[in-house]
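Undergrad: Data: entry07.txt, compact mmCIF, C-alpha atoms and all ligand atoms.
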```
# COMPACT_ATOMS: atom_id res chain seq x y z
CA MET A 452 2.18 1.19 -1.48
CA MET A 453 -0.22 0.47 -4.38
CA ALA A 454 2.48 -1.52 -6.24
CA GLU A 455 3.12 -3.56 -3.07
CA ILE A 456 -0.57 -4.39 -2.64
CA ILE A 457 -0.75 -5.47 -6.30
CA ALA A 458 2.42 -7.59 -6.01
CA ASP A 459 1.22 -9.18 -2.80
CA THR A 460 -2.24 -10.18 -4.04
CA THR A 461 -0.87 -11.29 -7.44
CA ARG A 462 1.66 -13.55 -5.71
CA SER A 463 -1.17 -15.35 -3.86
CA MET A 464 -3.07 -15.88 -7.11
CA LEU A 465 0.00 -17.27 -8.88
CA GLU A 466 0.67 -19.65 -5.99
CA ARG A 467 -2.89 -20.90 -6.28
CA TRP A 468 -2.30 -21.69 -9.97
CA GLU A 469 0.39 -24.22 -9.07
CA ALA A 470 -2.29 -26.87 -8.48
CA ASN A 471 -3.75 -26.18 -11.97
CA ALA A 472 -0.31 -26.25 -13.59
CA SER A 473 0.60 -29.59 -12.02
CA ARG A 474 -2.71 -31.17 -13.15
CA GLY A 475 -2.78 -29.48 -16.58
CA GLN A 476 -6.09 -27.87 -15.57
CA ALA A 477 -7.29 -24.60 -17.14
CA ILE A 478 -8.05 -21.43 -15.18
CA ASP A 479 -10.91 -19.06 -15.96
CA ALA A 480 -8.65 -16.10 -16.84
CA ARG A 481 -11.26 -13.37 -16.42
CA GLY A 482 -12.71 -14.93 -13.27
CA GLU A 483 -9.25 -15.01 -11.68
CA ILE A 484 -8.55 -11.39 -12.55
CA ILE A 485 -11.99 -10.26 -11.37
CA LEU A 486 -11.22 -11.66 -7.90
CA LEU A 487 -7.70 -10.26 -7.94
CA THR A 488 -8.58 -6.70 -9.03
CA LEU A 489 -11.49 -6.68 -6.58
CA GLU A 490 -9.13 -7.62 -3.77
CA ILE A 491 -6.71 -4.84 -4.82
CA LEU A 492 -9.53 -2.30 -5.08
CA LEU A 493 -11.03 -3.16 -1.69
CA ARG A 494 -7.62 -3.06 -0.02
CA THR A 495 -6.71 0.31 -1.55
CA MET A 496 -10.13 1.83 -0.92
CA PHE A 497 -10.83 0.62 2.57
CA SER A 498 -7.41 -0.56 3.87
CA GLY A 499 -7.91 -2.00 7.38
CA ASP A 500 -11.71 -1.81 7.57
CA LEU A 501 -12.30 -4.98 5.60
CA ILE A 502 -11.60 -7.59 8.23
CA GLY A 503 -14.66 -9.76 8.70
CA TYR A 504 -16.50 -8.32 5.69
CA GLU A 505 -14.39 -9.58 2.77
CA GLN A 506 -16.66 -12.39 1.62
CA GLU A 507 -19.92 -10.41 1.90
CA LEU A 508 -18.38 -7.46 0.03
CA ARG A 509 -16.87 -9.60 -2.70
CA GLU A 510 -20.25 -11.21 -3.37
CA ALA A 511 -22.02 -7.83 -3.36
CA VAL A 512 -19.56 -6.26 -5.85
CA ILE A 513 -19.83 -9.25 -8.17
CA GLU A 514 -23.64 -9.09 -8.07
CA TYR A 515 -23.52 -5.31 -8.64
CA GLU A 516 -21.20 -5.83 -11.60
CA ARG A 517 -23.40 -8.55 -13.08
CA HIS A 518 -26.24 -6.04 -13.33
CA MET A 519 -23.96 -3.67 -15.26
CA ASP A 520 -24.10 -6.15 -18.10
CA LEU A 521 -25.54 -4.02 -20.85
CA VAL A 522 -27.71 -6.80 -22.23
CA SER A 523 -29.42 -7.55 -18.93
CA ALA A 524 -29.71 -3.80 -18.24
CA VAL A 525 -31.58 -3.32 -21.52
CA ASN A 526 -33.79 -6.33 -20.80
CA SER A 527 -34.66 -5.23 -17.30
CA VAL A 528 -35.72 -1.68 -18.26
CA LYS A 529 -38.51 -3.18 -20.37
CA LEU A 530 -40.16 -4.47 -17.19
CA PRO A 531 -42.26 -2.14 -15.03
CA ALA A 532 -40.84 -1.48 -11.53
CA TRP A 533 -43.61 -3.53 -9.80
CA PHE A 534 -42.89 -6.63 -11.91
CA PRO A 535 -41.12 -9.33 -9.86
CA ASN A 536 -37.57 -9.44 -11.17
CA PRO A 537 -35.12 -11.58 -9.17
CA GLY A 538 -32.09 -10.03 -10.97
CA ARG A 539 -33.11 -6.52 -9.94
CA ARG A 540 -33.88 -7.66 -6.37
CA ARG A 541 -30.41 -9.21 -6.08
CA PHE A 542 -28.87 -6.02 -7.49
CA GLN A 543 -30.75 -3.85 -4.97
CA GLY A 544 -29.64 -6.20 -2.17
CA ALA A 545 -26.02 -5.83 -3.33
CA VAL A 546 -26.31 -2.03 -3.40
CA ARG A 547 -27.73 -2.04 0.15
CA THR A 548 -24.85 -4.22 1.39
CA LEU A 549 -22.25 -1.92 -0.16
CA GLU A 550 -23.98 1.21 1.15
CA ARG A 551 -24.25 -0.21 4.67
CA PHE A 552 -20.54 -0.95 4.66
CA ILE A 553 -19.52 2.42 3.16
CA PHE A 554 -21.65 4.44 5.61
CA ARG A 555 -20.33 2.43 8.57
CA VAL A 556 -16.70 3.05 7.56
CA VAL A 557 -17.28 6.76 6.87
CA ASP A 558 -19.11 7.20 10.16
CA GLU A 559 -16.37 5.47 12.17
CA ARG A 560 -13.58 7.40 10.44
CA ARG A 561 -15.35 10.72 11.09
CA ARG A 562 -15.84 9.86 14.78
CA MET A 563 -12.26 8.66 15.28
CA GLN A 564 -10.81 11.37 12.98
CA THR A 565 -8.61 8.70 11.38
CA ASP A 566 -6.71 9.20 8.13
CA ASN A 567 -5.53 5.83 6.75
CA GLY A 568 -4.13 7.35 3.54
CA ASP A 569 -6.57 5.24 1.46
CA LEU A 570 -9.29 6.38 -0.94
CA VAL A 571 -11.93 6.76 1.79
CA SER A 572 -9.60 9.11 3.70
CA LEU A 573 -8.79 11.03 0.56
CA LEU A 574 -12.49 11.71 -0.07
CA LEU A 575 -13.31 12.28 3.58
CA TRP A 576 -10.63 14.90 4.19
CA ALA A 577 -10.73 16.57 0.75
CA ARG A 578 -11.81 20.25 0.78
CA ASP A 579 -13.26 22.23 -2.10
CA GLU A 580 -10.55 24.75 -3.07
CA GLU A 581 -13.04 27.62 -3.38
CA THR A 582 -15.62 26.98 -0.67
CA GLY A 583 -13.49 24.93 1.78
CA GLU A 584 -16.43 22.52 2.11
CA SER A 585 -15.95 18.77 2.48
CA MET A 586 -18.03 16.05 0.81
CA ASN A 587 -21.18 14.81 2.50
CA ASP A 588 -21.79 11.09 3.07
CA ARG A 589 -23.95 10.73 -0.04
CA GLN A 590 -21.25 12.27 -2.28
CA ILE A 591 -18.61 9.97 -0.77
CA ARG A 592 -20.92 6.99 -1.29
CA ASP A 593 -21.45 7.95 -4.96
CA GLU A 594 -17.70 8.34 -5.59
CA LEU A 595 -16.88 4.99 -3.99
CA MET A 596 -19.66 3.15 -5.86
CA THR A 597 -18.43 4.64 -9.16
CA VAL A 598 -14.86 3.55 -8.50
CA LEU A 599 -16.00 0.08 -7.40
CA GLN A 600 -17.85 -0.39 -10.66
CA ALA A 601 -15.53 1.46 -13.06
CA GLY A 602 -12.27 0.24 -11.59
CA HIS A 603 -12.94 -3.41 -11.67
CA ASP A 604 -14.20 -5.22 -14.71
CA THR A 605 -12.58 -2.92 -17.32
CA VAL A 606 -9.11 -3.75 -16.08
CA SER A 607 -10.04 -7.44 -15.73
CA ASP A 608 -11.04 -7.55 -19.38
CA ALA A 609 -7.84 -5.77 -20.43
CA ILE A 610 -5.62 -8.30 -18.63
CA ALA A 611 -7.64 -11.40 -19.60
CA TRP A 612 -7.51 -10.38 -23.29
CA THR A 613 -3.77 -9.69 -23.03
CA TRP A 614 -3.21 -13.24 -21.76
CA TYR A 615 -5.48 -14.68 -24.44
CA LEU A 616 -3.66 -12.79 -27.22
CA MET A 617 -0.26 -13.87 -25.87
CA ALA A 618 -1.48 -17.49 -25.85
CA LYS A 619 -2.61 -17.14 -29.48
CA HIS A 620 0.68 -15.50 -30.59
CA PRO A 621 3.62 -17.61 -29.37
CA ASP A 622 6.14 -15.23 -31.02
CA VAL A 623 4.79 -12.35 -28.90
CA ARG A 624 4.68 -14.48 -25.76
CA GLN A 625 8.28 -15.53 -26.31
CA ARG A 626 9.50 -11.91 -26.63
CA VAL A 627 7.61 -11.02 -23.44
CA GLU A 628 9.24 -13.92 -21.56
CA ARG A 629 12.71 -12.92 -22.78
CA GLU A 630 12.20 -9.29 -21.79
CA VAL A 631 10.74 -10.12 -18.38
CA ASP A 632 13.59 -12.57 -17.64
CA SER A 633 16.40 -10.28 -18.78
CA THR A 634 14.99 -7.15 -17.10
CA LEU A 635 13.83 -8.59 -13.80
CA GLY A 636 16.19 -11.55 -13.43
CA GLY A 637 13.60 -13.56 -11.47
CA GLN A 638 12.94 -10.73 -8.97
CA PRO A 639 9.44 -9.28 -8.47
CA PRO A 640 8.88 -6.07 -10.50
CA ARG A 641 9.35 -2.78 -8.65
CA PHE A 642 7.62 0.42 -9.65
CA GLU A 643 10.88 1.79 -11.14
CA ASP A 644 11.33 -1.34 -13.34
CA LEU A 645 8.08 -0.82 -15.23
CA PRO A 646 9.20 1.55 -18.03
CA ALA A 647 12.13 -0.74 -18.93
CA LEU A 648 9.70 -3.51 -19.94
CA ALA A 649 8.95 -1.61 -23.13
CA TYR A 650 7.89 -4.50 -25.37
CA THR A 651 5.53 -5.98 -22.77
CA ASN A 652 4.02 -2.54 -22.27
CA ARG A 653 3.36 -2.37 -26.02
CA VAL A 654 1.66 -5.79 -25.82
CA ILE A 655 -0.73 -4.42 -23.17
CA LEU A 656 -1.47 -1.25 -25.20
CA GLU A 657 -2.12 -3.32 -28.34
CA SER A 658 -4.42 -5.74 -26.48
CA ILE A 659 -6.45 -2.77 -25.23
CA ARG A 660 -6.52 -1.39 -28.80
CA VAL A 661 -8.01 -4.64 -30.06
CA TYR A 662 -10.43 -5.08 -27.13
CA PRO A 663 -11.22 -1.61 -25.68
CA PRO A 664 -14.45 -0.54 -23.93
CA TRP A 665 -16.77 -0.70 -26.88
CA VAL A 666 -18.93 2.42 -26.33
CA PHE A 667 -19.62 5.31 -24.06
CA ALA A 668 -21.95 8.25 -24.64
CA ARG A 669 -22.34 11.99 -24.33
CA THR A 670 -25.36 14.31 -24.40
CA PRO A 671 -24.62 17.77 -25.86
CA VAL A 672 -26.06 20.65 -23.85
CA GLU A 673 -26.50 22.75 -27.01
CA ASP A 674 -26.68 22.24 -30.78
CA ASP A 675 -23.32 21.59 -32.39
CA VAL A 676 -21.74 20.71 -35.73
CA ILE A 677 -19.06 18.00 -35.75
CA GLY A 678 -17.35 16.98 -39.00
CA GLY A 679 -20.19 18.59 -40.96
CA TYR A 680 -22.94 16.72 -39.06
CA HIS A 681 -25.55 18.65 -37.13
CA ILE A 682 -25.79 17.30 -33.57
CA PRO A 683 -28.95 18.54 -31.80
CA ALA A 684 -28.87 19.44 -28.11
CA LYS A 685 -29.93 16.61 -25.75
CA SER A 686 -29.31 13.92 -28.38
CA LEU A 687 -27.44 10.76 -27.50
CA VAL A 688 -23.97 10.69 -29.06
CA VAL A 689 -22.43 7.23 -28.91
CA ILE A 690 -18.65 7.14 -29.17
CA SER A 691 -16.92 3.83 -29.87
CA PRO A 692 -13.20 3.28 -29.25
CA TYR A 693 -13.78 -0.21 -30.70
CA VAL A 694 -14.66 1.30 -34.11
CA THR A 695 -11.93 4.00 -34.06
CA HIS A 696 -9.28 1.46 -33.00
CA ARG A 697 -10.08 -0.56 -36.13
CA LEU A 698 -10.11 2.17 -38.76
CA PRO A 699 -7.90 0.80 -41.58
CA GLU A 700 -6.91 4.30 -42.75
CA ILE A 701 -5.26 4.88 -39.34
CA TRP A 702 -4.13 1.43 -38.24
CA GLY A 703 -3.22 -0.32 -41.49
CA ASN A 704 -4.28 -3.92 -40.92
CA PRO A 705 -6.35 -3.34 -37.78
CA GLU A 706 -7.33 -7.00 -37.34
CA ILE A 707 -3.68 -8.01 -36.99
CA PHE A 708 -2.30 -8.14 -33.45
CA ASP A 709 0.96 -6.18 -33.75
CA PRO A 710 2.35 -4.67 -30.51
CA ASP A 711 5.09 -2.84 -32.43
CA ARG A 712 2.47 -0.44 -33.77
CA PHE A 713 3.18 1.41 -30.54
CA LEU A 714 6.91 1.84 -31.23
CA PRO A 715 7.60 5.60 -31.11
CA GLU A 716 8.74 5.65 -34.76
CA ARG A 717 5.55 3.91 -35.91
CA SER A 718 3.31 6.14 -33.77
CA GLU A 719 4.59 9.38 -35.31
CA GLY A 720 1.86 11.34 -37.09
CA ARG A 721 -0.98 9.17 -35.71
CA PRO A 722 -3.90 11.46 -34.76
CA ARG A 723 -4.16 12.08 -31.03
CA PHE A 724 -7.64 10.57 -30.76
CA ALA A 725 -6.92 7.47 -32.83
CA TYR A 726 -6.47 5.63 -29.51
CA TYR A 727 -8.73 6.48 -26.56
CA PRO A 728 -9.51 3.39 -24.44
CA PHE A 729 -9.72 5.67 -21.39
CA SER A 730 -11.95 8.24 -23.14
CA ALA A 731 -10.80 11.87 -23.35
CA GLY A 732 -11.69 15.30 -22.05
CA PRO A 733 -12.91 16.27 -18.59
CA ARG A 734 -14.79 12.97 -17.97
CA GLN A 735 -11.96 10.68 -19.01
CA CYS A 736 -10.99 7.73 -16.86
CA VAL A 737 -9.51 8.88 -13.56
CA GLY A 738 -8.13 5.40 -13.00
CA ALA A 739 -6.03 5.10 -16.19
CA GLY A 740 -2.73 5.28 -14.26
CA VAL A 741 -3.90 2.71 -11.71
CA ALA A 742 -5.23 0.47 -14.51
CA MET A 743 -1.90 0.49 -16.36
CA LEU A 744 0.02 -0.15 -13.13
CA GLU A 745 -2.21 -3.14 -12.33
CA ALA A 746 -2.00 -4.52 -15.87
CA GLN A 747 1.80 -4.16 -15.98
CA MET A 748 2.50 -5.72 -12.59
CA ILE A 749 0.09 -8.62 -13.12
CA VAL A 750 1.16 -9.42 -16.70
CA PHE A 751 4.89 -9.22 -15.78
CA MET A 752 4.51 -11.40 -12.69
CA ALA A 753 2.41 -14.05 -14.44
CA ALA A 754 4.91 -14.21 -17.35
CA GLN A 755 7.77 -14.79 -14.92
CA LYS A 756 6.14 -17.94 -13.61
CA TYR A 757 3.74 -19.35 -16.18
CA ARG A 758 3.11 -19.77 -19.86
CA LEU A 759 -0.65 -19.53 -20.47
CA THR A 760 -1.93 -21.70 -23.32
CA ALA A 761 -5.24 -21.78 -25.19
CA PRO A 762 -6.84 -24.92 -26.67
CA PRO A 763 -6.19 -25.26 -30.43
CA GLY A 764 -8.76 -23.35 -32.49
CA PHE A 765 -10.12 -21.50 -29.44
CA SER A 766 -11.64 -18.26 -30.72
CA PRO A 767 -14.16 -16.61 -28.38
CA GLY A 768 -16.79 -14.18 -29.62
CA LEU A 769 -17.55 -10.82 -28.04
CA ARG A 770 -20.15 -9.86 -25.51
CA PRO A 771 -20.80 -6.11 -25.43
CA ARG A 772 -20.87 -4.98 -21.83
CA ILE A 773 -19.55 -1.61 -20.70
CA SER A 774 -16.17 -3.03 -21.50
CA LEU A 775 -15.75 -5.77 -24.07
CA THR A 776 -15.99 -9.28 -22.60
CA ALA A 777 -15.59 -12.71 -24.16
CA ASP A 778 -18.90 -14.53 -24.80
CA CYS A 779 -17.52 -17.66 -23.14
CA THR A 780 -15.11 -18.58 -20.36
CA LEU A 781 -11.54 -17.61 -21.28
CA SER A 782 -10.06 -20.97 -20.28
CA LEU A 783 -6.27 -20.84 -20.34
CA THR A 784 -3.97 -23.53 -18.99
CA PRO A 785 -0.94 -22.41 -16.99
CA ILE A 786 2.28 -24.32 -17.65
CA SER A 787 5.04 -23.73 -15.15
CA ARG A 788 7.97 -22.00 -16.93
CA ARG A 789 10.33 -24.06 -14.79
CA SER A 790 8.99 -27.24 -16.38
CA CYS A 791 9.23 -25.63 -19.89
CA ALA A 792 12.93 -24.92 -19.28
CA VAL A 793 13.54 -28.48 -18.02
CA ALA A 794 11.77 -29.91 -21.08
CA GLY A 795 13.85 -27.61 -23.34
CA ALA A 796 10.66 -25.96 -24.63
CA ASP A 797 11.65 -22.38 -23.91
CA ALA A 798 11.17 -21.22 -27.48
C1 LIG B 1 -8.07 -0.93 -18.63
C2 LIG B 1 -8.83 -0.45 -17.67
C3 LIG B 1 -9.79 0.70 -17.79
C4 LIG B 1 -10.40 1.22 -18.90
C5 LIG B 1 -10.26 0.74 -20.34
C6 LIG B 1 -11.25 2.31 -18.45
C7 LIG B 1 -12.03 3.10 -19.28
C8 LIG B 1 -12.82 4.14 -18.85
C9 LIG B 1 -13.60 4.99 -19.73
C10 LIG B 1 -13.69 4.83 -21.25
C11 LIG B 1 -14.21 5.91 -18.96
C12 LIG B 1 -15.03 7.11 -19.40
C13 LIG B 1 -16.41 6.82 -19.77
C14 LIG B 1 -16.99 8.07 -20.34
O1 LIG B 1 -16.26 8.93 -20.87
O2 LIG B 1 -18.21 8.20 -20.29
C15 LIG B 1 -13.86 5.65 -17.58
C16 LIG B 1 -14.32 6.37 -16.49
C17 LIG B 1 -13.95 6.13 -15.19
N1 LIG B 1 -13.02 5.22 -14.76
FE1 LIG B 1 -11.98 3.89 -15.93
N2 LIG B 1 -11.13 2.44 -17.09
C18 LIG B 1 -10.25 1.49 -16.64
C19 LIG B 1 -9.84 1.29 -15.35
C20 LIG B 1 -10.23 2.04 -14.26
C21 LIG B 1 -9.73 1.88 -12.90
C22 LIG B 1 -8.69 0.83 -12.47
C23 LIG B 1 -10.38 2.81 -12.12
C24 LIG B 1 -10.29 3.10 -10.64
C25 LIG B 1 -9.45 2.56 -9.80
C26 LIG B 1 -11.27 3.55 -12.99
C27 LIG B 1 -12.10 4.56 -12.56
C28 LIG B 1 -12.92 5.29 -13.38
C29 LIG B 1 -13.86 6.32 -12.90
C30 LIG B 1 -14.09 6.71 -11.46
C31 LIG B 1 -14.50 6.85 -14.03
C32 LIG B 1 -15.59 7.90 -14.06
C33 LIG B 1 -14.97 9.27 -14.29
C34 LIG B 1 -16.05 10.33 -14.36
O3 LIG B 1 -17.18 10.06 -14.73
O4 LIG B 1 -15.71 11.47 -14.07
N3 LIG B 1 -11.15 3.06 -14.27
N4 LIG B 1 -13.01 4.58 -17.55
```
The structure given in the file should be rewritten as structure tokens.

TA:
Amino acid sequence: MMAEIIADTTRSMLERWEANASRGQAIDARGEIILLTLEILLRTMFSGDLIGYEQELREAVIEYERHMDLVSAVNSVKLPAWFPNPGRRRFQGAVRTLERFIFRVVDERRRMQTDNGDLVSLLLWARDEETGESMNDRQIRDELMTVLQAGHDTVSDAIAWTWYLMAKHPDVRQRVEREVDSTLGGQPPRFEDLPALAYTNRVILESIRVYPPWVFARTPVEDDVIGGYHIPAKSLVVISPYVTHRLPEIWGNPEIFDPDRFLPERSEGRPRFAYYPFSAGPRQCVGAGVAMLEAQMIVFMAAQKYRLTAPPGFSPGLRPRISLTADCTLSLTPISRRSCAVAGADA
């Protein structure tokens, strides 16, 4: 079901790119994926309830996400609450729109006793194993808002960076194309095909190693000692996958993009927490499986149809948000693979 929704929405995006490919016009890689993953998320969360609300919801989620930009978040906390701040007003407006929609759907589902098998139903009909209690509307709202925010721009960054790195490394891109062609034979990927695309999967893992979420934080409830350092209770402990993923003593030449690092024989003996883009422990990412499924399906399907190219010398800087974003538009030009084959430029 999830794989079908992803395939369906990805197909529409790839069809839209045909106009760009025929004119040699670049796409905004991250912008495209933002819209795509949002569509997938809304369809899996709310299934049939979206009709008539798509545009309003899309705009609200994008505004909500914009405020999650760490830089603007830091800037806005310096201002007192009474100070007129158009960014904050737009953010509050977006939150109200999303809440209105969530409460309407929850209310209607409760009244009609409907179970659509989507995320709203899952939360609505879940029972606490010990107490047998269900979630109240506020808890459901909080869960849905978290998923909307957490399940959206992280995966967009992961896929946009994968495309960028493939464009910068033609040898990698070529191996991906060969694997996708020989494994799928021009057919859309099915869930059971995914493990067979082993090299392309390593490309995705390596892209997320190079560009993971840059930090998240923990607050210890009591004093602790970690690696000989005293960590006082209530302090802010900042953990950075970005730093760990670039430790030379673990990764060799960490700045080099090398998907074969993830070959089983080269991964042997690597410490368990050398790679943690999805965090670890009880608060780790609940969407890691969904994220990998989305990344795999989208990267495979795009590689079947297009070769994405970057302008010569294009080297974007980094913008530290919750995940790691490029500091400029990731403009990549799609070239139809059919025309590459005709021109004999398949290598
Ligand atoms: C490549 C894509 C993704 C990456 C790198 C990623 C990374 C992370 C990280 C590092 C955390 C933990 C933050 C912490 O420990 O404080 C997290 C939490 C979370 N993620 Fe993801 N995520 C991704 C995709 C997704 C998707 C697709 C979904 C949902 C569909 C999702 C849902 C969540 C939720 C709900 C949490 C909060 C868990 C909690 O606090 O208990 N994530 N994610």

Undergrad: May I ask you to write as a ChimeraX atom specification all residues lying at most 7 Å from ligand LIG 1 (chain B), with all atoms listed in the file counted?

TA: /A:492,597-598,601-603,605-606,609,663-664,667-669,728-731,734-739,741-743

Undergrad: Using all atoms listed in the file, which protein or nucleic acid residues come within 10 Å of Asp709 (chain A)? Drop anything in the same chain fewer than 6 positions from it, and give the result as a PyMOL selection string.

TA: chain A and resi 620+623+653-654+657-658+661

Undergrad: Which of these residues is nearest to Phe642 (chain A), using only C-alpha atoms: A:Ile773, A:Ile478, A:Met748, A:Leu487?

TA: A:Met748

Undergrad: With all atoms listed in the file as the basis for distance, which of A:Gly637, A:Pro762, A:Pro771, A:Gly568 is at the shortest distance from Arg788 (chain A)?

TA: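 So, comparing all the options, the nearest one is A:Gly637.
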
Undergrad: Would you mind reading off the distance between CA of Tyr693 (chain A) and CA of Arg758 (chain A), one decimal, in Å?

TA: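 Separation between CA of Tyr693 (chain A) and CA of Arg758 (chain A): 28.0 Å.
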
Undergrad: Report as a ChimeraX atom specification all protein, DNA and RNA residues lying within 12 Å of Ala458 (chain A), evaluated on only C-alpha atoms, omitting residues in the same chain fewer than 4 positions from it.

TA: /A:452-454,462-465,487-488,490-491,638-642,744-753

Undergrad: Measuring between all atoms listed in the file, which one of A:Lys685, A:Gln564, A:Trp665, A:Ser473 shows the shortest distance to Arg772 (chain A)?

TA: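 Nearest to Arg772 (chain A): A:Trp665.
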
Undergrad: Tell me, in Å to one decimal, how far CA of Arg467 (chain A) is from CA of Glu510 (chain A).

TA: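 Answer for the CA of Arg467 (chain A) to CA of Glu510 (chain A) separation: 20.1 Å.
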